[in-house]
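Source file run_2.cif; content: mmCIF, N, CA and C atoms.
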```cif
data_model
loop_
_atom_site.label_atom_id
_atom_site.label_comp_id
_atom_site.auth_asym_id
_atom_site.auth_seq_id
_atom_site.Cartn_x
_atom_site.Cartn_y
_atom_site.Cartn_z
N MET Z 231 154.91 153.16 193.52
CA MET Z 231 153.72 152.45 193.92
C MET Z 231 152.84 153.39 194.72
N LYS Z 232 151.55 153.22 194.60
CA LYS Z 232 150.61 154.01 195.38
C LYS Z 232 150.07 153.14 196.50
N ILE Z 233 150.06 153.72 197.68
CA ILE Z 233 149.54 153.04 198.86
C ILE Z 233 148.37 153.87 199.37
N THR Z 234 147.28 153.20 199.73
CA THR Z 234 146.08 153.92 200.13
C THR Z 234 145.58 153.48 201.50
N ASN Z 235 144.86 154.38 202.15
CA ASN Z 235 144.15 154.13 203.41
C ASN Z 235 145.00 153.52 204.51
N ILE Z 236 146.08 154.17 204.85
CA ILE Z 236 146.92 153.72 205.96
C ILE Z 236 146.28 154.19 207.25
N LYS Z 237 145.88 153.23 208.07
CA LYS Z 237 145.23 153.57 209.34
C LYS Z 237 146.21 153.52 210.50
N ASP Z 238 147.16 152.61 210.45
CA ASP Z 238 148.14 152.43 211.53
C ASP Z 238 149.47 153.01 211.08
N THR Z 239 149.64 154.31 211.30
CA THR Z 239 150.85 154.97 210.82
C THR Z 239 152.10 154.47 211.55
N GLU Z 240 151.97 154.12 212.82
CA GLU Z 240 153.12 153.62 213.57
C GLU Z 240 153.64 152.33 212.94
N ALA Z 241 152.74 151.41 212.61
CA ALA Z 241 153.13 150.15 211.97
C ALA Z 241 153.72 150.42 210.58
N PHE Z 242 153.12 151.38 209.85
CA PHE Z 242 153.62 151.71 208.52
C PHE Z 242 155.07 152.20 208.59
N PHE Z 243 155.36 153.10 209.52
CA PHE Z 243 156.72 153.62 209.62
C PHE Z 243 157.70 152.58 210.16
N LYS Z 244 157.23 151.61 210.93
CA LYS Z 244 158.10 150.50 211.35
C LYS Z 244 158.52 149.69 210.12
N VAL Z 245 157.58 149.47 209.21
CA VAL Z 245 157.91 148.75 207.97
C VAL Z 245 158.90 149.57 207.15
N VAL Z 246 158.67 150.87 207.04
CA VAL Z 246 159.60 151.74 206.30
C VAL Z 246 160.98 151.67 206.93
N ASP Z 247 161.05 151.74 208.26
CA ASP Z 247 162.34 151.70 208.96
C ASP Z 247 163.06 150.37 208.75
N SER Z 248 162.31 149.29 208.55
CA SER Z 248 162.92 147.97 208.36
C SER Z 248 163.46 147.77 206.94
N CYS Z 249 163.13 148.66 206.03
CA CYS Z 249 163.61 148.54 204.66
C CYS Z 249 165.11 148.78 204.60
N GLU Z 250 165.77 148.05 203.73
CA GLU Z 250 167.23 148.15 203.58
C GLU Z 250 167.66 149.35 202.75
N GLY Z 251 166.92 149.65 201.69
CA GLY Z 251 167.30 150.73 200.79
C GLY Z 251 166.47 151.98 201.04
N ARG Z 252 166.57 152.91 200.11
CA ARG Z 252 165.81 154.16 200.23
C ARG Z 252 164.34 153.93 199.95
N VAL Z 253 163.51 154.62 200.71
CA VAL Z 253 162.07 154.66 200.48
C VAL Z 253 161.71 156.13 200.45
N GLU Z 254 161.15 156.58 199.34
CA GLU Z 254 160.85 157.99 199.18
C GLU Z 254 159.36 158.22 198.99
N LEU Z 255 158.89 159.30 199.58
CA LEU Z 255 157.53 159.78 199.38
C LEU Z 255 157.58 160.81 198.27
N VAL Z 256 156.72 160.68 197.28
CA VAL Z 256 156.64 161.64 196.19
C VAL Z 256 155.48 162.59 196.51
N THR Z 257 155.79 163.87 196.66
CA THR Z 257 154.75 164.85 196.98
C THR Z 257 153.95 165.21 195.73
N GLY Z 258 152.86 165.92 195.92
CA GLY Z 258 152.04 166.36 194.80
C GLY Z 258 152.78 167.26 193.84
N GLU Z 259 153.81 167.93 194.34
CA GLU Z 259 154.62 168.81 193.49
C GLU Z 259 155.77 168.06 192.82
N GLY Z 260 155.93 166.78 193.11
CA GLY Z 260 156.98 165.99 192.48
C GLY Z 260 158.27 165.91 193.29
N ASP Z 261 158.28 166.53 194.47
CA ASP Z 261 159.46 166.43 195.33
C ASP Z 261 159.53 165.03 195.94
N ARG Z 262 160.73 164.59 196.24
CA ARG Z 262 160.92 163.28 196.86
C ARG Z 262 161.50 163.46 198.25
N LEU Z 263 160.81 162.89 199.24
CA LEU Z 263 161.25 162.97 200.63
C LEU Z 263 161.69 161.59 201.09
N ASN Z 264 162.84 161.53 201.74
CA ASN Z 264 163.35 160.27 202.27
C ASN Z 264 162.54 159.88 203.50
N LEU Z 265 161.70 158.86 203.37
CA LEU Z 265 160.83 158.46 204.48
C LEU Z 265 161.57 157.73 205.59
N LYS Z 266 162.82 157.37 205.38
CA LYS Z 266 163.58 156.76 206.46
C LYS Z 266 164.12 157.83 207.42
N SER Z 267 164.01 159.07 207.04
CA SER Z 267 164.40 160.20 207.89
C SER Z 267 163.25 160.51 208.84
N LYS Z 268 163.53 160.55 210.14
CA LYS Z 268 162.49 160.86 211.13
C LYS Z 268 161.90 162.24 210.89
N LEU Z 269 162.73 163.21 210.50
CA LEU Z 269 162.23 164.55 210.22
C LEU Z 269 161.22 164.52 209.08
N SER Z 270 161.53 163.80 208.02
CA SER Z 270 160.60 163.70 206.89
C SER Z 270 159.31 163.00 207.32
N GLN Z 271 159.41 162.00 208.19
CA GLN Z 271 158.22 161.31 208.68
C GLN Z 271 157.32 162.28 209.45
N PHE Z 272 157.90 163.09 210.33
CA PHE Z 272 157.11 164.04 211.11
C PHE Z 272 156.48 165.10 210.23
N VAL Z 273 157.24 165.61 209.27
CA VAL Z 273 156.71 166.64 208.37
C VAL Z 273 155.57 166.07 207.53
N SER Z 274 155.75 164.88 206.99
CA SER Z 274 154.70 164.30 206.15
C SER Z 274 153.45 164.01 206.97
N LEU Z 275 153.62 163.51 208.19
CA LEU Z 275 152.46 163.24 209.05
C LEU Z 275 151.73 164.53 209.41
N ALA Z 276 152.45 165.57 209.74
CA ALA Z 276 151.83 166.84 210.10
C ALA Z 276 150.98 167.37 208.95
N ASN Z 277 151.50 167.29 207.74
CA ASN Z 277 150.75 167.78 206.58
C ASN Z 277 149.53 166.91 206.29
N ILE Z 278 149.67 165.62 206.42
CA ILE Z 278 148.56 164.71 206.13
C ILE Z 278 147.45 164.86 207.15
N PHE Z 279 147.80 164.94 208.43
CA PHE Z 279 146.79 164.96 209.48
C PHE Z 279 146.09 166.30 209.63
N GLN Z 280 146.49 167.30 208.88
CA GLN Z 280 145.74 168.55 208.87
C GLN Z 280 144.36 168.34 208.26
N THR Z 281 144.24 167.35 207.40
CA THR Z 281 142.98 167.14 206.69
C THR Z 281 142.25 165.86 207.07
N SER Z 282 142.92 164.89 207.70
CA SER Z 282 142.30 163.59 207.92
C SER Z 282 143.04 162.82 209.00
N GLU Z 283 142.36 161.82 209.59
CA GLU Z 283 143.00 160.99 210.61
C GLU Z 283 143.69 159.77 210.01
N THR Z 284 143.39 159.44 208.78
CA THR Z 284 144.06 158.35 208.10
C THR Z 284 144.83 158.93 206.91
N ILE Z 285 145.78 158.20 206.44
CA ILE Z 285 146.53 158.64 205.27
C ILE Z 285 145.79 158.11 204.04
N PRO Z 286 145.17 158.99 203.26
CA PRO Z 286 144.34 158.52 202.15
C PRO Z 286 145.13 157.87 201.02
N GLU Z 287 146.24 158.48 200.62
CA GLU Z 287 147.03 157.93 199.51
C GLU Z 287 148.44 158.51 199.55
N LEU Z 288 149.41 157.64 199.33
CA LEU Z 288 150.80 158.05 199.22
C LEU Z 288 151.40 157.43 197.98
N GLU Z 289 152.28 158.16 197.33
CA GLU Z 289 153.05 157.56 196.25
C GLU Z 289 154.46 157.37 196.79
N LEU Z 290 154.91 156.11 196.78
CA LEU Z 290 156.21 155.75 197.32
C LEU Z 290 157.09 155.17 196.24
N ILE Z 291 158.39 155.35 196.42
CA ILE Z 291 159.37 154.69 195.57
C ILE Z 291 160.28 153.90 196.49
N ALA Z 292 160.30 152.59 196.31
CA ALA Z 292 161.21 151.71 197.05
C ALA Z 292 162.25 151.22 196.05
N TYR Z 293 163.50 151.46 196.35
CA TYR Z 293 164.57 151.14 195.41
C TYR Z 293 165.00 149.69 195.44
N GLU Z 294 164.69 148.98 196.50
CA GLU Z 294 165.06 147.57 196.60
C GLU Z 294 163.80 146.71 196.45
N PRO Z 295 163.86 145.66 195.63
CA PRO Z 295 162.68 144.80 195.43
C PRO Z 295 162.14 144.21 196.73
N GLU Z 296 163.01 143.84 197.65
CA GLU Z 296 162.56 143.29 198.93
C GLU Z 296 161.80 144.34 199.74
N ASP Z 297 162.21 145.60 199.64
CA ASP Z 297 161.53 146.67 200.34
C ASP Z 297 160.13 146.88 199.78
N ALA Z 298 160.01 146.84 198.46
CA ALA Z 298 158.70 146.97 197.83
C ALA Z 298 157.79 145.83 198.28
N LYS Z 299 158.35 144.64 198.39
CA LYS Z 299 157.58 143.48 198.85
C LYS Z 299 157.11 143.69 200.29
N ARG Z 300 157.98 144.21 201.16
CA ARG Z 300 157.60 144.48 202.56
C ARG Z 300 156.43 145.46 202.62
N LEU Z 301 156.51 146.52 201.84
CA LEU Z 301 155.47 147.53 201.84
C LEU Z 301 154.15 146.98 201.33
N LEU Z 302 154.22 146.17 200.28
CA LEU Z 302 152.98 145.56 199.75
C LEU Z 302 152.38 144.58 200.76
N GLU Z 303 153.21 143.81 201.43
CA GLU Z 303 152.71 142.89 202.44
C GLU Z 303 152.04 143.64 203.58
N PHE Z 304 152.60 144.79 203.95
CA PHE Z 304 151.97 145.62 204.98
C PHE Z 304 150.57 146.04 204.55
N MET Z 305 150.44 146.48 203.29
CA MET Z 305 149.13 146.95 202.80
C MET Z 305 148.12 145.81 202.76
N ILE Z 306 148.57 144.63 202.38
CA ILE Z 306 147.66 143.48 202.32
C ILE Z 306 147.19 143.10 203.71
N SER Z 307 148.06 143.24 204.70
CA SER Z 307 147.72 142.83 206.06
C SER Z 307 146.78 143.81 206.77
N GLN Z 308 146.60 145.00 206.24
CA GLN Z 308 145.75 145.99 206.91
C GLN Z 308 144.30 145.67 206.77
#
```

Could you write out this structure as structure tokens?
Amino acid sequence: MKITNIKDTEAFFKVVDSCEGRVELVTGEGDRLNLKSKLSQFVSLANIFQTSETIPELELIAYEPEDAKRLLEFMISQ
């Protein structure tokens, strides 16, 4: 799923942390980073914020249907 225009990164990562299964960020090169890992969260944020204050677009893979639902509800609430 693609998620766009994340303004509240703290709230976004709280939703990711609440997910039961794996949530992965797919990089432009096709690598998959485990977003439940704090190290991966810091690395992804550092790279994103070099160019912008908001996260313009992320491609995520949520392995559990309930996790995908949580992420979509977060995007709708923004």

Carefully work through the PyMOL selection byres (((chain Z and resi 291-293 and name CA) around 12) and name CA) for this structure and note down the residues it includes, as an MDAnalysis selection string.
chainID Z and resid 231:233 245:247 249:257 260:266 288:290 294:302

Suppose you want the space between atom CA of Met305 of chain Z and atom CA of Ser274 of chain Z; what is it in Å?
18.5 Å

Atomic distance atom N of Phe304 of chain Z - atom CA of Ser270 of chain Z, expressed in Å with one decimal
20.7 Å

Write out as a list in words the set of residues from chain Z that DSSP, computed on the backbone, places in strand (DSSP E).
Lys232, Ile233, Thr234, Asn235, Ile236, Val253, Glu254, Leu255, Val256, Arg262, Leu263, Asn264, Ile285, Pro286, Glu287, Leu288, Glu289, Leu290, Ile291 and Ala292 of chain Z
